[in-house]
>>> print(open('target-v8.cif').read())   # mmCIF, C-alpha atoms and all ligand atoms
data_target
#
loop_
_atom_site.label_atom_id
_atom_site.label_comp_id
_atom_site.auth_asym_id
_atom_site.auth_seq_id
_atom_site.Cartn_x
_atom_site.Cartn_y
_atom_site.Cartn_z
CA MET A 13 -50.73 4.24 34.05
CA ILE A 14 -49.00 1.60 36.14
CA ILE A 15 -48.37 3.94 39.13
CA ASN A 16 -50.71 6.66 40.37
CA VAL A 17 -49.75 8.76 43.38
CA GLU A 18 -52.16 11.43 44.57
CA ASN A 19 -51.46 14.02 47.21
CA LEU A 20 -49.13 11.80 49.22
CA THR A 21 -48.43 13.13 52.69
CA LYS A 22 -46.25 11.68 55.43
CA THR A 23 -45.69 13.26 58.80
CA PHE A 24 -43.31 11.78 61.36
CA GLU A 25 -43.71 12.54 65.01
CA SER A 26 -40.82 12.05 67.33
CA TYR A 27 -39.90 13.19 70.82
CA GLU A 28 -37.34 15.90 71.25
CA ARG A 29 -34.55 15.09 73.64
CA GLY A 30 -32.45 17.87 75.11
CA ASN A 31 -28.71 18.08 74.55
CA SER A 32 -27.60 18.53 78.15
CA PHE A 33 -28.09 15.91 80.87
CA LYS A 34 -30.54 18.21 82.64
CA GLU A 35 -32.69 18.63 79.53
CA ALA A 36 -32.55 14.90 78.73
CA PHE A 37 -33.63 14.11 82.31
CA LYS A 38 -36.44 16.65 82.09
CA SER A 39 -37.68 15.10 78.82
CA LEU A 40 -38.32 11.84 80.72
CA PHE A 41 -41.24 13.63 82.39
CA VAL A 42 -42.26 16.41 80.02
CA ARG A 43 -42.11 15.23 76.43
CA LYS A 44 -41.97 17.75 73.62
CA THR A 45 -43.11 16.33 70.30
CA LYS A 46 -41.35 17.25 67.12
CA VAL A 47 -43.25 16.99 63.84
CA VAL A 48 -41.42 16.43 60.55
CA GLU A 49 -43.45 16.84 57.37
CA ALA A 50 -41.45 14.50 55.16
CA LEU A 51 -43.96 14.56 52.27
CA LYS A 52 -46.27 17.52 51.81
CA GLY A 53 -48.67 16.22 49.16
CA ILE A 54 -46.85 14.90 46.12
CA SER A 55 -48.67 13.61 43.04
CA PHE A 56 -47.39 11.88 39.92
CA SER A 57 -48.21 9.05 37.51
CA ILE A 58 -45.85 6.66 35.79
CA LYS A 59 -46.54 4.71 32.61
CA LYS A 60 -45.58 1.07 32.11
CA GLY A 61 -42.02 0.79 30.79
CA GLU A 62 -40.86 4.21 31.97
CA LEU A 63 -37.52 4.70 33.71
CA VAL A 64 -37.92 7.64 36.04
CA GLY A 65 -35.14 9.34 38.02
CA PHE A 66 -36.29 10.48 41.43
CA LEU A 67 -33.96 13.19 42.70
CA GLY A 68 -33.65 15.54 45.62
CA PRO A 69 -31.12 16.70 48.20
CA ASN A 70 -30.60 14.89 51.53
CA GLY A 71 -33.77 14.78 53.58
CA ALA A 72 -36.00 15.73 50.62
CA GLY A 73 -38.29 12.73 51.13
CA LYS A 74 -37.06 10.30 48.46
CA SER A 75 -36.63 7.27 50.73
CA THR A 76 -39.93 8.01 52.46
CA THR A 77 -41.68 7.99 49.06
CA LEU A 78 -40.00 4.72 48.05
CA LYS A 79 -40.91 3.14 51.38
CA VAL A 80 -44.56 4.09 50.90
CA LEU A 81 -44.55 2.87 47.28
CA THR A 82 -43.03 -0.47 48.29
CA GLY A 83 -45.53 -0.89 51.12
CA ILE A 84 -43.02 -0.71 53.99
CA LEU A 85 -44.51 2.51 55.35
CA PHE A 86 -48.08 3.78 55.40
CA PRO A 87 -48.69 7.43 54.57
CA THR A 88 -50.45 10.03 56.70
CA ASP A 89 -52.72 10.94 53.81
CA GLY A 90 -53.08 10.54 50.06
CA LYS A 91 -53.73 7.75 47.58
CA VAL A 92 -51.39 5.31 45.88
CA ASP A 93 -52.59 2.89 43.22
CA ILE A 94 -49.97 0.60 41.72
CA MET A 95 -51.36 -1.96 39.27
CA GLY A 96 -54.62 -1.84 41.21
CA TYR A 97 -52.94 -2.42 44.59
CA THR A 98 -52.58 -0.11 47.56
CA PRO A 99 -49.03 -1.10 48.59
CA TRP A 100 -49.36 -0.90 52.39
CA LYS A 101 -52.78 -2.60 52.40
CA ASP A 102 -52.27 -5.36 49.80
CA ARG A 103 -48.64 -5.97 50.66
CA LYS A 104 -48.71 -9.78 50.44
CA LYS A 105 -50.07 -9.94 46.90
CA TYR A 106 -48.40 -6.74 45.83
CA VAL A 107 -44.77 -7.76 46.54
CA ALA A 108 -44.93 -10.53 43.94
CA HIS A 109 -45.16 -7.80 41.28
CA ILE A 110 -42.32 -5.58 42.43
CA GLY A 111 -38.60 -5.79 43.04
CA ALA A 112 -36.27 -3.53 44.98
CA VAL A 113 -32.55 -2.88 45.18
CA PHE A 114 -31.39 -0.73 48.05
CA GLY A 115 -27.72 0.17 47.68
CA GLN A 116 -27.32 0.49 51.43
CA LYS A 117 -29.26 -2.59 52.44
CA SER A 118 -28.56 -6.14 51.32
CA GLN A 119 -31.17 -8.78 50.56
CA LEU A 120 -28.52 -11.47 50.40
CA LEU A 121 -27.37 -13.54 53.37
CA TRP A 122 -23.82 -12.85 54.48
CA ASP A 123 -22.59 -16.40 55.13
CA ILE A 124 -24.32 -18.27 52.35
CA PRO A 125 -23.71 -18.04 48.59
CA PRO A 126 -26.05 -15.81 46.52
CA LEU A 127 -27.14 -18.94 44.63
CA ASP A 128 -28.73 -20.30 47.82
CA ALA A 129 -30.48 -16.97 48.43
CA PHE A 130 -31.76 -17.08 44.83
CA ASN A 131 -33.17 -20.55 45.50
CA LEU A 132 -34.86 -19.19 48.60
CA ASN A 133 -36.62 -16.59 46.44
CA LYS A 134 -37.54 -19.33 43.98
CA ALA A 135 -39.41 -21.08 46.79
CA ILE A 136 -40.96 -17.89 48.22
CA TYR A 137 -42.32 -16.77 44.85
CA SER A 138 -43.02 -20.33 43.58
CA ILE A 139 -40.98 -19.78 40.43
CA PRO A 140 -41.12 -22.89 38.19
CA ASP A 141 -37.76 -24.70 37.68
CA SER A 142 -37.37 -24.05 33.97
CA GLU A 143 -38.30 -20.37 34.25
CA PHE A 144 -35.92 -19.90 37.19
CA ASN A 145 -32.97 -21.60 35.50
CA LYS A 146 -33.50 -19.73 32.25
CA LYS A 147 -33.72 -16.33 33.90
CA LEU A 148 -30.85 -17.04 36.30
CA ASN A 149 -28.47 -18.23 33.55
CA TYR A 150 -29.39 -15.25 31.41
CA MET A 151 -28.67 -12.73 34.18
CA VAL A 152 -25.50 -14.48 35.43
CA GLU A 153 -24.17 -14.40 31.87
CA MET A 154 -25.16 -10.78 31.30
CA LEU A 155 -23.52 -9.62 34.53
CA SER A 156 -20.43 -11.85 34.01
CA LEU A 157 -20.87 -13.52 37.40
CA GLN A 158 -20.49 -17.21 36.46
CA ASP A 159 -19.13 -19.24 39.42
CA LEU A 160 -19.09 -16.21 41.72
CA VAL A 161 -22.70 -16.89 42.70
CA LYS A 162 -21.52 -20.07 44.43
CA LYS A 163 -19.10 -18.23 46.75
CA PRO A 164 -20.32 -17.06 50.17
CA THR A 165 -21.62 -13.49 49.86
CA ARG A 166 -19.09 -12.16 52.37
CA LEU A 167 -16.24 -13.07 50.00
CA LEU A 168 -17.64 -11.06 47.07
CA SER A 169 -16.56 -7.54 46.14
CA LEU A 170 -19.10 -4.73 46.49
CA GLY A 171 -19.63 -4.68 42.71
CA GLU A 172 -20.17 -8.44 42.52
CA ARG A 173 -22.57 -8.27 45.45
CA MET A 174 -24.59 -5.47 43.89
CA LYS A 175 -24.93 -7.49 40.68
CA CYS A 176 -26.26 -10.37 42.79
CA GLU A 177 -28.69 -7.95 44.50
CA PHE A 178 -30.08 -7.18 41.03
CA ILE A 179 -30.51 -10.87 40.24
CA MET A 180 -32.26 -11.34 43.58
CA ALA A 181 -34.66 -8.48 42.76
CA MET A 182 -35.41 -9.62 39.21
CA LEU A 183 -35.75 -13.41 39.42
CA HIS A 184 -39.52 -13.40 39.97
CA ASN A 185 -40.05 -11.19 36.87
CA PRO A 186 -41.35 -8.06 38.63
CA GLU A 187 -43.18 -5.48 36.54
CA ILE A 188 -41.81 -2.59 38.59
CA VAL A 189 -38.39 -2.30 40.24
CA PHE A 190 -37.46 0.36 42.80
CA LEU A 191 -33.79 1.29 42.94
CA ASP A 192 -32.41 3.32 45.83
CA GLU A 193 -28.79 4.39 45.17
CA PRO A 194 -28.00 1.19 43.25
CA THR A 195 -24.50 2.25 42.14
CA ILE A 196 -23.30 3.80 45.40
CA GLY A 197 -19.61 3.09 46.07
CA LEU A 198 -19.06 1.12 42.86
CA ASP A 199 -16.14 1.55 40.46
CA VAL A 200 -16.71 2.79 36.90
CA ILE A 201 -16.68 -0.68 35.34
CA ALA A 202 -19.22 -2.15 37.76
CA LYS A 203 -21.42 0.96 37.40
CA ASP A 204 -21.36 0.58 33.63
CA LYS A 205 -22.29 -3.08 33.75
CA ILE A 206 -25.18 -2.41 36.11
CA ARG A 207 -26.43 0.50 34.01
CA GLU A 208 -26.33 -1.72 30.88
CA PHE A 209 -28.31 -4.32 32.79
CA ILE A 210 -30.97 -1.79 33.85
CA ILE A 211 -31.27 -0.48 30.27
CA GLU A 212 -31.71 -4.04 28.95
CA MET A 213 -34.36 -4.92 31.55
CA ASN A 214 -36.15 -1.65 30.80
CA LYS A 215 -36.15 -2.50 27.07
CA GLN A 216 -37.87 -5.75 28.01
CA GLY A 217 -40.70 -3.72 29.57
CA VAL A 218 -39.73 -3.41 33.26
CA THR A 219 -40.66 -0.06 34.83
CA PHE A 220 -37.93 1.46 37.01
CA ILE A 221 -37.95 4.20 39.63
CA LEU A 222 -34.43 5.23 40.50
CA THR A 223 -33.26 7.46 43.32
CA THR A 224 -29.64 8.44 43.19
CA HIS A 225 -27.17 11.17 43.99
CA ASP A 226 -25.09 10.05 41.01
CA LEU A 227 -26.19 12.34 38.21
CA GLU A 228 -24.41 10.21 35.66
CA ASP A 229 -26.89 7.44 36.53
CA VAL A 230 -29.68 9.85 35.73
CA GLU A 231 -28.15 11.12 32.49
CA ARG A 232 -27.38 7.60 31.28
CA LEU A 233 -30.61 5.95 32.35
CA ALA A 234 -33.61 8.19 32.91
CA GLU A 235 -35.75 9.82 30.26
CA ARG A 236 -37.91 11.51 32.83
CA VAL A 237 -36.92 13.16 36.07
CA ILE A 238 -38.95 14.01 39.16
CA VAL A 239 -37.23 16.35 41.59
CA ILE A 240 -38.45 16.83 45.15
CA ASN A 241 -37.24 19.26 47.77
CA HIS A 242 -38.50 19.63 51.36
CA GLY A 243 -41.24 17.07 50.64
CA GLU A 244 -42.61 18.97 47.65
CA MET A 245 -42.32 18.31 43.94
CA VAL A 246 -40.35 21.00 42.19
CA PHE A 247 -39.94 19.43 38.76
CA ASP A 248 -41.49 16.64 36.69
CA ASN A 249 -40.44 16.52 33.07
CA SER A 250 -37.99 14.99 30.60
CA ILE A 251 -34.24 15.02 31.18
CA ASP A 252 -33.90 17.29 28.12
CA ALA A 253 -36.36 19.76 29.64
CA LEU A 254 -34.31 19.64 32.83
CA LYS A 255 -31.17 20.55 30.90
CA GLY A 256 -33.13 23.16 28.96
CA HIS A 257 -34.28 24.69 32.23
CA LEU A 258 -31.18 26.86 32.24
CA GLY A 259 -30.66 26.52 28.50
CA THR A 260 -29.47 30.06 27.95
CA LYS A 261 -26.53 29.57 30.29
CA LYS A 262 -23.31 28.01 29.01
CA MET A 263 -20.02 27.07 30.61
CA VAL A 264 -17.24 28.93 28.83
CA SER A 265 -13.53 28.47 29.26
CA ILE A 266 -11.26 31.10 27.71
CA THR A 267 -7.53 31.48 27.41
CA THR A 268 -5.92 34.73 26.27
CA HIS A 269 -2.42 35.69 25.10
CA GLY A 270 -2.28 38.83 27.23
CA PRO A 271 -3.79 39.29 30.70
CA LEU A 272 -7.56 38.83 30.87
CA PRO A 273 -9.70 41.99 30.70
CA LEU A 274 -12.19 42.88 33.43
CA LEU A 275 -15.11 40.45 33.33
CA ASP A 276 -17.45 42.21 35.72
CA MET A 277 -20.44 42.67 33.40
CA PRO A 278 -24.09 41.54 33.13
CA GLY A 279 -24.60 37.93 31.97
CA VAL A 280 -21.06 36.89 32.91
CA LEU A 281 -20.34 35.00 36.10
CA VAL A 282 -16.72 34.04 36.79
CA LYS A 283 -16.66 30.53 38.23
CA ASN A 284 -12.99 29.74 38.38
CA LYS A 285 -10.05 32.01 37.63
CA LEU A 286 -7.27 29.54 36.87
CA SER A 287 -4.59 32.12 36.04
CA GLU A 288 -4.15 35.64 34.69
CA TYR A 289 -4.74 34.18 31.20
CA ASN A 290 -7.28 31.44 31.82
CA VAL A 291 -10.78 31.58 33.30
CA GLU A 292 -13.92 29.43 33.47
CA LEU A 293 -17.18 31.32 33.52
CA GLU A 294 -20.93 30.96 33.16
CA LEU A 295 -22.30 33.00 30.28
CA ASP A 296 -26.01 33.79 30.00
CA VAL A 297 -26.35 34.24 26.23
CA SER A 298 -29.79 35.81 26.62
CA VAL A 299 -28.11 38.71 28.47
CA MET A 300 -24.66 38.78 26.86
CA ASP A 301 -24.49 37.87 23.17
CA LEU A 302 -21.69 35.37 22.51
CA ASN A 303 -20.23 37.29 19.53
CA LYS A 304 -20.25 40.53 21.48
CA PHE A 305 -18.46 38.79 24.33
CA ILE A 306 -15.74 37.41 22.01
CA ASP A 307 -15.41 40.90 20.46
CA TYR A 308 -14.97 42.42 23.90
CA ILE A 309 -12.22 39.93 24.81
CA ASN A 310 -10.38 40.52 21.53
CA ARG A 311 -10.60 44.30 21.84
CA ASN A 312 -9.05 44.20 25.32
CA SER A 313 -6.74 41.20 24.95
CA THR A 314 -6.23 38.38 22.39
CA LEU A 315 -8.23 35.20 22.57
CA SER A 316 -6.04 32.12 22.05
CA ASP A 317 -8.46 29.35 23.00
CA MET A 318 -12.10 28.98 23.91
CA SER A 319 -14.49 26.11 24.71
CA LEU A 320 -18.23 26.21 25.17
CA GLN A 321 -20.31 23.59 26.97
CA GLU A 322 -23.86 23.10 28.16
CA LEU A 323 -24.27 23.70 31.87
CA PRO A 324 -23.63 20.44 33.75
CA ILE A 325 -26.79 18.81 35.09
CA GLU A 326 -25.51 19.36 38.66
CA GLU A 327 -25.85 23.12 38.16
CA VAL A 328 -29.37 22.77 36.77
CA ILE A 329 -30.45 20.69 39.74
CA LYS A 330 -28.77 22.98 42.26
CA ASP A 331 -30.75 25.82 40.75
CA LEU A 332 -34.01 23.85 41.15
CA TYR A 333 -33.26 23.05 44.79
CA THR A 334 -32.82 26.68 45.63
N1 LIG B 401 -38.72 7.33 60.97
C1 LIG B 401 -38.56 8.64 60.95
N2 LIG B 401 -38.84 9.38 62.04
C2 LIG B 401 -38.70 10.74 62.04
N3 LIG B 401 -38.31 11.44 60.96
C3 LIG B 401 -38.01 10.76 59.83
C4 LIG B 401 -38.12 9.32 59.77
N4 LIG B 401 -37.76 8.92 58.52
C5 LIG B 401 -37.44 10.05 57.82
N5 LIG B 401 -37.59 11.15 58.61
C6 LIG B 401 -37.37 12.56 58.21
O1 LIG B 401 -38.12 12.80 57.02
C7 LIG B 401 -37.40 13.63 56.13
C8 LIG B 401 -37.25 12.95 54.77
O2 LIG B 401 -36.36 11.85 54.92
P1 LIG B 401 -35.98 10.85 53.73
O3 LIG B 401 -35.14 9.76 54.32
O4 LIG B 401 -37.20 10.44 52.99
O5 LIG B 401 -35.08 11.80 52.80
P2 LIG B 401 -34.22 11.41 51.52
O6 LIG B 401 -34.63 12.34 50.43
O7 LIG B 401 -34.30 9.96 51.23
O8 LIG B 401 -32.74 11.79 51.98
P3 LIG B 401 -31.32 11.09 51.69
O9 LIG B 401 -30.92 11.51 50.31
O10 LIG B 401 -30.44 11.71 52.73
O11 LIG B 401 -31.47 9.61 51.84
C9 LIG B 401 -36.08 13.95 56.82
O12 LIG B 401 -36.21 15.20 57.46
C10 LIG B 401 -35.93 12.82 57.83
O13 LIG B 401 -35.18 13.24 58.94
#
>>> encode(input="target-v8.cif", output="structure tokens")
Amino acid sequence: MIINVENLTKTFESYERGNSFKEAFKSLFVRKTKVVEALKGISFSIKKGELVGFLGPNGAGKSTTLKVLTGILFPTDGKVDIMGYTPWKDRKKYVAHIGAVFGQKSQLLWDIPPLDAFNLNKAIYSIPDSEFNKKLNYMVEMLSLQDLVKKPTRLLSLGERMKCEFIMAMLHNPEIVFLDEPTIGLDVIAKDKIREFIIEMNKQGVTFILTTHDLEDVERLAERVIVINHGEMVFDNSIDALKGHLGTKKMVSITTHGPLPLLDMPGVLVKNKLSEYNVELELDVSVMDLNKFIDYINRNSTLSDMSLQELPIEEVIKDLYT
């Protein structure tokens, strides 16, 4: 195991400030503390070369976990062992082995070209010339950046900048890379390119932990998914198991020649009634047999079209959150 997290707990304490002027003034003298349990004892292990999706709704504790794992934040309790290091204690040595891309926070410098920032990292991590040039050319080529790395960062598009953020994070050959919303705000083409890049780096042995709200990122990239909610782990298994979680439910769209019959029956949940003849529904085939359902429609109307799909991953995750 390259990452071992045991019973990780993080509690934030902050002071409550009243809404009205009177309350705010009062809180200058009498301070009420507010305790937020961001992580309530989460444990997991990750093997070398895994690409794990780390999901959860807003405020679930994803960023707090990533901050602890990258050594930015120390936990209230619990143990973290990453390649033999305790991130917040061995930070200096540890950072040479990891990389990070935070979609909302840039590591590049606004007024200078990414190439200069790359050279800065070369010096910080003492990357030998030949190794640096080889890796840089390889990544620039793969991400189709070419001369763009010589333009000041502020002139680059968001997609071009994010690609440069990846180069910045990967130049020193980290074994583990933490990604926090790496495709946020990008167009489809840039997202695709970055996903291809992550897959390629993962094939070369780099371990990735990815937090995202973009479920397509997860479906395209992750084989394993950890879901947290209110600081607790609610799921840790393969992406297929996640989809199989509600495996007996299917999305069904039906169109009839005559008006639709009544659909108020066990195992059938109408999601979207598009017209008198067309409806989208969720069918639980363990409660309502598919053939029986089709029979019922045909007895009371005439089926002209039907499509059946697995439940989208969004629905599966929503169900886990609740
Ligand atoms: N420095 C802090 N001081 C006080 N509370 C904090 C601090 N940082 C985070 N929290 C609280 O801890 C909880 C977990 O926050 P965290 O940022 O880890 O969630 P998240 O899963 O990353 O959410 P999001 O998807 O919105 O980024 C939230 O209730 C948040 O308000």
>>> atom_distance(input="target-v8.cif", atom1="CA of Asp199 (chain A)", atom2="CA of Ser169 (chain A)")
10.7 Å
>>> closest_residue(input="target-v8.cif", among="A:Leu20, A:Ala50, A:Glu172, A:Phe66", to="Val237 (chain A)", atoms="only C-alpha atoms")
A:Phe66
>>> atom_distance(input="target-v8.cif", atom1="CA of Leu254 (chain A)", atom2="CA of Val92 (chain A)")
25.8 Å
>>> residues_around(input="target-v8.cif", residues="Ala112 (chain A)", least_positions_apart="2", cutoff="6 Å", atoms="all atoms listed in the file", output="PyMOL selection string")
chain A and resi 181+189-191
>>> write_last_selection(input="target-v8.cif", atoms="C-alpha atoms", output="short mmCIF file (atom, residue, chain, number, x, y, z; two decimals), in the frame of the given file")
data_model
loop_
_atom_site.label_atom_id
_atom_site.label_comp_id
_atom_site.auth_asym_id
_atom_site.auth_seq_id
_atom_site.Cartn_x
_atom_site.Cartn_y
_atom_site.Cartn_z
CA ALA A 181 -34.66 -8.48 42.76
CA VAL A 189 -38.39 -2.30 40.24
CA PHE A 190 -37.46 0.36 42.80
CA LEU A 191 -33.79 1.29 42.94
#
>>> closest_atom_pairs(input="target-v8.cif", of="chain A", to="ligand LIG 401 (chain B)", cutoff="6 Å", atoms="all atoms listed in the file", output="CSV")
residue,atom,partner,partner_atom,distance
A:Phe24,CA,B:LIG401,C2,4.8
A:Ser26,CA,B:LIG401,C2,5.8
A:Val48,CA,B:LIG401,N3,5.9
A:Ala50,CA,B:LIG401,O1,4.2
A:Gly68,CA,B:LIG401,O6,5.9
A:Pro69,CA,B:LIG401,O9,5.6
A:Asn70,CA,B:LIG401,O10,3.4
A:Gly71,CA,B:LIG401,O5,3.3
A:Ala72,CA,B:LIG401,O6,3.7
A:Gly73,CA,B:LIG401,O4,3.1
A:Lys74,CA,B:LIG401,O6,3.7
A:Ser75,CA,B:LIG401,O7,3.6
A:Thr76,CA,B:LIG401,O4,3.7
>>> residues_around(input="target-v8.cif", residues="Ser118 (chain A)", least_positions_apart="5", cutoff="9 Å", atoms="all atoms listed in the file", output="VMD selection string")
chain A and resid 113 173 to 174 177
>>> write_last_selection(input="target-v8.cif", atoms="C-alpha atoms", output="PDB file, keeping the file's coordinate frame")
ATOM      1  CA  VAL A 113     -32.550  -2.880  45.180  1.00  0.00           C
ATOM      2  CA  ARG A 173     -22.570  -8.270  45.450  1.00  0.00           C
ATOM      3  CA  MET A 174     -24.590  -5.470  43.890  1.00  0.00           C
ATOM      4  CA  GLU A 177     -28.690  -7.950  44.500  1.00  0.00           C
TER       5      GLU A 177
END
>>> closest_residue(input="target-v8.cif", among="A:Glu228, A:Asp248, A:Asp276, A:Asp307", to="Ile325 (chain A)", atoms="all atoms listed in the file")
A:Glu228
>>> residues_around(input="target-v8.cif", residues="region 194-197 of chain A", least_positions_apart="5", cutoff="9 Å", atoms="only C-alpha atoms", output="list of chain:residue names")
A:Val113, A:Phe114, A:Gly115, A:Gln116, A:Leu170, A:Gly171, A:Met174, A:Phe178, A:Ala202, A:Lys203, A:Ile206, A:Arg207, A:Leu222, A:Thr223, A:Thr224, A:His225, A:Asp226, A:Asp229
>>> closest_residue(input="target-v8.cif", among="A:Tyr308, A:Asp93, A:Ser298, A:Thr88", to="Leu274 (chain A)", atoms="all atoms listed in the file")
A:Tyr308
>>> residues_around(input="target-v8.cif", residues="region 102-108 of chain A", least_positions_apart="2", cutoff="12 Å", atoms="all atoms listed in the file", output="VMD selection string")
chain A and resid 79 to 86 92 to 100 110 to 112 133 to 134 136 to 139 181 to 190
>>> closest_residue(input="target-v8.cif", among="A:Leu67, A:Val328, A:Leu78, A:Met300", to="Lys255 (chain A)", atoms="only C-alpha atoms")
A:Val328
>>> atom_distance(input="target-v8.cif", atom1="CA of Pro126 (chain A)", atom2="CA of Glu208 (chain A)")
21.1 Å
>>> closest_residue(input="target-v8.cif", among="A:Arg43, A:Leu51, A:Arg29, A:Pro87", to="Lys101 (chain A)", atoms="only C-alpha atoms")
A:Pro87
>>> closest_residue(input="target-v8.cif", among="A:Leu227, A:Leu168, A:Val280, A:Val291", to="Met318 (chain A)", atoms="only C-alpha atoms")
A:Val291
>>> residues_around(input="target-v8.cif", residues="Asp317 (chain A)", least_positions_apart="6", cutoff="8 Å", atoms="only C-alpha atoms", output="PyMOL selection string")
chain A and resi 266-268
